[in-house]
Structures are given as structure tokens and as C-alpha cells.
file model21.txt (compact mmCIF, C-alpha atoms)
# COMPACT_ATOMS: atom_id res chain seq x y z
CA MET A 21 1.17 -20.77 4.18
CA GLY A 22 -0.73 -17.78 2.85
CA THR A 23 -0.66 -16.03 -0.50
CA HIS A 24 -0.18 -12.27 -0.53
CA LEU A 25 -0.23 -9.54 -3.18
CA ILE A 26 1.85 -6.48 -2.33
CA THR A 27 2.21 -3.16 -4.13
CA GLY A 28 5.24 -0.99 -3.41
CA ALA A 29 7.46 -3.95 -2.48
CA GLY A 30 10.60 -2.42 -3.96
CA SER A 31 11.52 -0.29 -0.96
CA GLY A 32 10.45 1.04 2.41
CA ILE A 33 7.43 -0.47 4.15
CA GLY A 34 6.47 -2.68 1.21
CA ALA A 35 9.93 -4.24 1.04
CA ALA A 36 9.95 -4.82 4.80
CA VAL A 37 6.59 -6.61 4.71
CA ALA A 38 7.55 -8.67 1.65
CA ARG A 39 10.85 -9.71 3.24
CA ARG A 40 9.17 -10.78 6.49
CA LEU A 41 6.52 -12.79 4.66
CA ALA A 42 9.15 -14.43 2.44
CA GLU A 43 11.15 -15.41 5.52
CA ARG A 44 8.02 -17.13 6.83
CA GLY A 45 7.78 -19.16 3.63
CA GLU A 46 4.62 -17.45 2.38
CA GLU A 47 3.80 -17.04 -1.31
CA LEU A 48 4.40 -13.55 -2.66
CA TRP A 49 2.79 -11.88 -5.67
CA LEU A 50 4.38 -8.49 -6.27
CA LEU A 51 3.02 -5.77 -8.53
CA ALA A 52 5.61 -3.93 -10.64
CA ARG A 53 4.91 -0.85 -12.73
CA ASP A 54 6.90 -2.14 -15.75
CA LEU A 55 9.12 -4.99 -16.90
CA ARG A 56 12.32 -3.30 -15.72
CA ARG A 57 10.92 -2.98 -12.22
CA ALA A 58 9.66 -6.57 -12.37
CA LYS A 59 13.21 -7.76 -13.09
CA GLU A 60 14.53 -5.80 -10.12
CA LEU A 61 11.89 -7.27 -7.82
CA THR A 62 12.65 -10.79 -9.07
CA GLU A 63 16.29 -10.28 -8.09
CA GLN A 64 15.26 -8.81 -4.74
CA PHE A 65 12.73 -11.53 -3.93
CA PRO A 66 13.69 -14.82 -5.62
CA GLY A 67 10.71 -17.13 -5.85
CA ALA A 68 8.12 -14.35 -5.86
CA GLN A 69 5.53 -14.18 -8.62
CA LEU A 70 5.45 -10.90 -10.53
CA LEU A 71 2.54 -8.99 -12.02
CA VAL A 72 2.99 -5.89 -14.17
CA GLY A 73 0.59 -2.98 -13.96
CA ASP A 74 1.06 0.76 -13.66
CA LEU A 75 -0.81 2.31 -10.74
CA ALA A 76 -0.55 5.70 -12.45
CA THR A 77 -3.01 4.46 -15.10
CA PRO A 78 -5.62 2.57 -13.08
CA GLU A 79 -8.02 2.47 -16.03
CA LYS A 80 -5.57 0.04 -17.73
CA LEU A 81 -5.21 -2.37 -14.80
CA ASP A 82 -8.23 -4.46 -15.82
CA TRP A 83 -6.63 -5.20 -19.19
CA ALA A 84 -3.16 -5.71 -17.73
CA LEU A 85 -4.18 -8.17 -15.03
CA GLY A 86 -6.58 -9.89 -17.41
CA HIS A 87 -3.64 -10.89 -19.62
CA GLN A 88 -1.48 -12.37 -16.86
CA LYS A 89 -1.56 -15.45 -14.68
CA LEU A 90 -3.17 -14.66 -11.33
CA PRO A 91 -3.14 -16.52 -8.01
CA THR A 92 -6.04 -18.86 -7.30
CA ARG A 93 -6.70 -17.22 -3.93
CA LEU A 94 -5.36 -14.34 -1.86
CA ASP A 95 -4.99 -14.30 1.89
CA SER A 96 -4.16 -10.62 1.69
CA ILE A 97 -3.86 -7.67 -0.63
CA GLN A 98 -1.49 -5.09 0.80
CA HIS A 99 -1.71 -1.65 -0.78
CA VAL A 100 1.59 -0.04 0.17
CA ALA A 101 2.67 1.95 -2.91
CA GLY A 102 2.09 5.69 -2.96
CA VAL A 103 3.27 9.02 -4.35
CA ILE A 104 3.40 12.48 -2.83
CA GLU A 105 3.57 15.92 -4.42
CA LEU A 106 3.42 18.81 -2.00
CA GLY A 107 2.08 22.24 -2.84
CA ALA A 108 -0.42 24.83 -1.73
CA VAL A 109 -3.94 24.54 -3.07
CA GLY A 110 -3.37 27.82 -4.86
CA ASP A 111 -0.33 26.41 -6.68
CA LEU A 112 -0.81 22.65 -7.16
CA PRO A 113 -1.76 21.94 -10.80
CA ALA A 114 -4.47 19.49 -11.85
CA LYS A 115 -1.94 16.91 -13.04
CA ALA A 116 -0.43 16.71 -9.56
CA TRP A 117 -3.86 16.09 -8.07
CA GLN A 118 -4.62 13.49 -10.73
CA ARG A 119 -1.33 11.61 -10.23
CA GLN A 120 -1.82 11.36 -6.49
CA LEU A 121 -5.46 10.39 -6.72
CA ALA A 122 -4.68 7.77 -9.39
CA VAL A 123 -1.86 6.03 -7.53
CA ASN A 124 -3.01 6.53 -3.93
CA LEU A 125 -6.76 5.99 -4.30
CA VAL A 126 -8.17 4.90 -7.66
CA ALA A 127 -5.57 2.18 -8.29
CA PRO A 128 -6.09 0.53 -4.87
CA ALA A 129 -9.85 0.62 -5.48
CA GLU A 130 -9.44 -0.96 -8.91
CA ILE A 131 -7.00 -3.67 -7.78
CA THR A 132 -9.33 -4.51 -4.92
CA ARG A 133 -12.30 -4.71 -7.28
CA LEU A 134 -10.49 -6.97 -9.71
CA LEU A 135 -9.06 -9.35 -7.10
CA LEU A 136 -11.78 -9.28 -4.44
CA PRO A 137 -13.23 -12.66 -5.48
CA LEU A 138 -9.85 -14.25 -4.66
CA VAL A 139 -9.83 -12.58 -1.23
CA ARG A 140 -13.39 -13.69 -0.55
CA LEU A 141 -12.44 -17.26 -1.43
CA ALA A 142 -9.71 -17.22 1.21
CA GLN A 143 -11.72 -15.09 3.67
CA GLY A 144 -8.64 -12.95 3.54
CA HIS A 145 -7.52 -9.45 4.41
CA VAL A 146 -7.17 -6.13 2.60
CA VAL A 147 -4.59 -3.78 4.11
CA PHE A 148 -4.42 -0.13 3.09
CA VAL A 149 -1.23 1.64 4.16
CA ASN A 150 -2.57 5.13 4.64
CA SER A 151 -0.79 8.03 6.36
CA GLY A 152 -1.16 10.46 9.21
CA ALA A 153 -2.26 12.79 6.39
CA GLY A 154 -5.28 10.54 5.95
CA LEU A 155 -6.53 11.72 9.34
CA GLU A 156 -5.46 15.36 9.33
CA ALA A 157 -4.46 17.72 6.52
CA HIS A 158 -1.85 20.44 6.86
CA ALA A 159 -0.79 23.36 4.69
CA ASN A 160 0.82 22.29 1.41
CA TRP A 161 -0.39 18.71 1.86
CA GLY A 162 -3.85 19.14 0.32
CA GLY A 163 -3.48 16.90 -2.73
CA TYR A 164 -1.79 14.05 -0.88
CA ALA A 165 -4.09 14.32 2.14
CA ALA A 166 -7.16 14.31 -0.09
CA SER A 167 -6.04 11.07 -1.70
CA LYS A 168 -5.41 9.52 1.70
CA HIS A 169 -8.69 10.76 3.20
CA GLY A 170 -10.33 9.09 0.21
CA LEU A 171 -8.39 5.90 0.92
CA LYS A 172 -9.82 5.86 4.45
CA ALA A 173 -13.32 6.16 3.01
CA LEU A 174 -12.59 3.32 0.59
CA ALA A 175 -11.40 1.08 3.42
CA ASP A 176 -14.35 1.92 5.66
CA ALA A 177 -16.88 1.22 2.89
CA LEU A 178 -15.16 -2.02 1.88
CA ARG A 179 -15.10 -3.22 5.49
CA ALA A 180 -18.84 -2.67 5.87
CA GLU A 181 -19.58 -4.34 2.52
CA GLU A 182 -17.38 -7.40 2.98
CA HIS A 183 -17.81 -8.21 6.67
CA ASP A 184 -20.40 -10.90 5.99
CA ASN A 185 -18.08 -12.46 3.41
CA GLY A 186 -15.42 -12.95 6.07
CA VAL A 187 -13.06 -10.36 4.58
CA ARG A 188 -11.17 -8.21 7.06
CA VAL A 189 -10.02 -4.68 6.22
CA THR A 190 -7.33 -2.69 8.02
CA SER A 191 -6.10 0.86 7.52
CA VAL A 192 -2.60 1.57 8.82
CA TYR A 193 -1.68 5.22 9.44
CA PRO A 194 2.10 5.55 9.80
CA GLY A 195 3.64 8.81 10.84
CA ARG A 196 6.89 9.84 9.18
CA THR A 197 8.80 6.67 8.32
CA ALA A 198 12.40 6.35 7.14
CA THR A 199 11.75 5.47 3.50
CA PRO A 200 12.82 6.83 0.09
CA MET A 201 9.40 8.49 -0.09
CA GLN A 202 10.15 10.34 3.14
CA GLU A 203 13.48 11.47 1.77
CA SER A 204 11.65 12.86 -1.28
CA THR A 205 9.16 14.59 1.01
CA HIS A 206 11.96 16.30 2.90
CA ARG A 207 13.45 17.52 -0.36
CA GLN A 208 10.10 18.99 -1.35
CA GLU A 209 9.87 20.66 2.06
CA GLY A 210 13.43 22.00 1.76
CA LYS A 211 14.47 20.20 4.95
CA ASP A 212 17.48 18.07 5.85
CA TYR A 213 16.64 14.36 6.03
CA ASP A 214 17.76 12.35 9.06
CA PRO A 215 16.30 8.83 8.91
CA THR A 216 17.20 8.15 12.55
CA ARG A 217 14.48 10.59 13.63
CA TRP A 218 11.67 8.59 12.05
CA ILE A 219 9.93 5.23 12.30
CA ASP A 220 11.84 2.23 10.98
CA PRO A 221 9.88 0.55 8.14
CA GLU A 222 10.28 -2.74 10.04
CA SER A 223 8.13 -1.33 12.84
CA VAL A 224 5.30 -0.54 10.43
CA ALA A 225 5.71 -4.01 8.93
CA THR A 226 5.26 -5.45 12.43
CA ALA A 227 1.96 -3.56 12.77
CA ILE A 228 0.76 -4.89 9.40
CA LEU A 229 1.70 -8.47 10.23
CA THR A 230 -0.01 -8.15 13.61
CA ALA A 231 -3.23 -7.19 11.82
CA ILE A 232 -3.17 -10.06 9.32
CA ASP A 233 -2.04 -12.60 11.94
CA LEU A 234 -4.79 -11.69 14.40
CA PRO A 235 -7.08 -14.62 15.23
CA ARG A 236 -10.30 -14.74 13.22
CA ASP A 237 -12.47 -13.67 16.16
CA ALA A 238 -11.10 -10.11 15.93
CA GLU A 239 -10.30 -7.40 13.39
CA LEU A 240 -7.96 -4.43 13.64
CA LYS A 241 -9.76 -1.66 11.79
CA ASP A 242 -7.46 1.36 12.20
CA VAL A 243 -3.82 1.20 13.34
CA VAL A 244 -2.03 4.50 14.01
CA VAL A 245 1.77 4.22 14.17
CA ARG A 246 3.59 7.31 15.40
CA PRO A 247 7.31 8.07 15.77
CA GLY A 248 8.47 6.93 19.21
CA ARG A 249 11.65 8.97 19.39

call {"tool": "encode", "arguments": {"input": "model21.txt", "output": "C-alpha cells"}}
result
Amino acid sequence: MGTHLITGAGSGIGAAVARRLAERGEELWLLARDLRRAKELTEQFPGAQLLVGDLATPEKLDWALGHQKLPTRLDSIQHVAGVIELGAVGDLPAKAWQRQLAVNLVAPAEITRLLLPLVRLAQGHVVFVNSGAGLEAHANWGGYAASKHGLKALADALRAEEHDNGVRVTSVYPGRTATPMQESTHRQEGKDYDPTRWIDPESVATAILTAIDLPRDAELKDVVVRPGR
């Protein structure tokens, strides 16, 4: 069975992927932002290994991971965690840009850098859960979309760099998905939230598992998942 590191496993898409992998008997390493969150994840996923590191401070991840036990190899890193703060370019303060860029872009780049040798060893897979906003930006979504456009560039560059090392890289672009993050987005938009209108996180998890389970002769580069209702 494979060994997988997942960020954002506490809810939504990350929890769905972690649950499916656990049911298959695979080894999970879950990243928690602090010890309280690590305890919650341990209760949610008994048997999983926990790492603590705050994506909001990516410059500290090197130190944090360097002082914890790490897996000996990784069949996949799955970057699922993210934050969103809506606002017009004329209104969104620098701290909001910095928070989104840190969590959504710089932290995935840093985790990938630190753990890439373990992925190379397994000829594994790096999955970036992006967003429809990573392909097209709309009014009031500038900060979030910029971070996700950057994430696409990170994935594309990594894929080109690591192809000869046998590392596969997939970007997944879900449309609106019924997650706590989507509920927060609706609040920011001033809209009523009806989860039945949007993609079930399990459907996005299926797309992710399809990518990592694909035979070695092929690679899914970009997977766009749109609401089917």
C-alpha cells in the first residue's frame, strides 16, 4: 500500500480523500496547523501519522518538519488546504493578499521542496487541488485567483522539472464544492448557502484517486471538475 501526505484533511475534499485512502488500508500522514488540530485529526483518522506545521507561515515549515519524524517515502503529496478572502482589488488589504498567497501557493511550494526527495524515491505523485479561479478570475476574487493562478504555474513547472525522475503532477480544478470553505465563501458573498447545489467532496476525491491510480504509462495533468446539477 502507498504512503500519502495530505494537507486540509480535517474537512471537505481533504477529509474525503483521506477517508477513502484509509479505507483502502493506505498509510496516511496528515499535516495539522497546531497540536489542537493534530489531536482532532488523530480522533478522526485513527492510525494516521500526524505532522504539525502552519501553512500560514511557510518560512517556518523547514524548521517544523526538520524536528519531526518523517515518512521514508511518499507515493503522493496532496495539497488540499486553502483559504479564501474575497474583495475588490481597490479594497483588499496587503495582509489578505499575503495570507492567501502564503497558504495557497508558498506553503505548497515549500512542502513540495522539502519532501520532494521522498516522492522521487517512490516515483510518486504531487496533486495540487486548485480551483476554477485558477483558470479564470472574476470581480472580487483577485487575491484568491492570483494565488491559484500561481499554483497552476507551480504545478506546470514542477511537472516539467520532475518528469525524468518519474514524478507525476496533477492539478485538479473543482468548481463550487459543498465544503465548509464554500459556506464561508457564500457568507462573504452575502448569499444563501445550499450545499445540494454544488459538487459533493466525494466526487472530487474520486477524480483525485483516479489520477493517482492511473497506470504508470499515463499522467493526468489537468482535471477540471464542474457542478453537474

call {"tool": "closest_residue", "arguments": {"input": "model21.txt", "among": "A:Arg53, A:Ala157, A:Gln118, A:Thr23", "to": "Pro91 (chain A)", "atoms": "only C-alpha atoms"}}
result
A:Thr23

call {"tool": "closest_residue", "arguments": {"input": "model21.txt", "among": "A:Gly32, A:Tyr193, A:Ile131, A:Asp212", "to": "Glu156 (chain A)", "atoms": "all atoms listed in the file"}}
result
A:Tyr193

call {"tool": "residues_near_point", "arguments": {"input": "model21.txt", "point": "(-12.2, 10.8, 0.1)", "cutoff": "12 Å", "atoms": "all atoms listed in the file", "output": "list in words"}}
result
Leu121, Asn124, Leu125, Val126, Ala129, Ala153, Gly154, Leu155, Gly162, Gly163, Tyr164, Ala165, Ala166, Ser167, Lys168, His169, Gly170, Leu171, Lys172, Ala173, Leu174, Ala175, Asp176 and Ala177 of chain A

call {"tool": "residues_around", "arguments": {"input": "model21.txt", "residues": "Glu46 (chain A)", "least_positions_apart": "3", "cutoff": "10 Å", "atoms": "only C-alpha atoms", "output": "MDAnalysis selection string"}}
result
chainID A and resid 21:24 38:43 49 68

call {"tool": "atom_distance", "arguments": {"input": "model21.txt", "atom1": "CA of Arg56 (chain A)", "atom2": "CA of Gln88 (chain A)"}}
result
16.6 Å

call {"tool": "atom_distance", "arguments": {"input": "model21.txt", "atom1": "CA of Ile232 (chain A)", "atom2": "CA of His99 (chain A)"}}
result
13.2 Å

call {"tool": "residues_around", "arguments": {"input": "model21.txt", "residues": "His206 (chain A)", "least_positions_apart": "2", "cutoff": "12 Å", "atoms": "only C-alpha atoms", "output": "NGL selection string"}}
result
:A and (104-106 or 196-204 or 208-215 or 218)

call {"tool": "atom_distance", "arguments": {"input": "model21.txt", "atom1": "CA of Ala238 (chain A)", "atom2": "CA of Leu135 (chain A)"}}
result
23.1 Å

call {"tool": "residues_around", "arguments": {"input": "model21.txt", "residues": "Ala108 (chain A)", "least_positions_apart": "6", "cutoff": "8 Å", "atoms": "all atoms listed in the file", "output": "PDB file with C-alpha atoms, in the coordinates of the input"}}
result
ATOM      1  CA  ALA A 159      -0.790  23.360   4.690  1.00  0.00           C
ATOM      2  CA  ASN A 160       0.820  22.290   1.410  1.00  0.00           C
ATOM      3  CA  TRP A 161      -0.390  18.710   1.860  1.00  0.00           C
ATOM      4  CA  GLY A 162      -3.850  19.140   0.320  1.00  0.00           C
TER       5      GLY A 162
END

call {"tool": "residues_around", "arguments": {"input": "model21.txt", "residues": "Pro221 (chain A)", "least_positions_apart": "2", "cutoff": "9 Å", "atoms": "all atoms listed in the file", "output": "PyMOL selection string"}}
result
chain A and resi 32-37+197-199+219+223-226
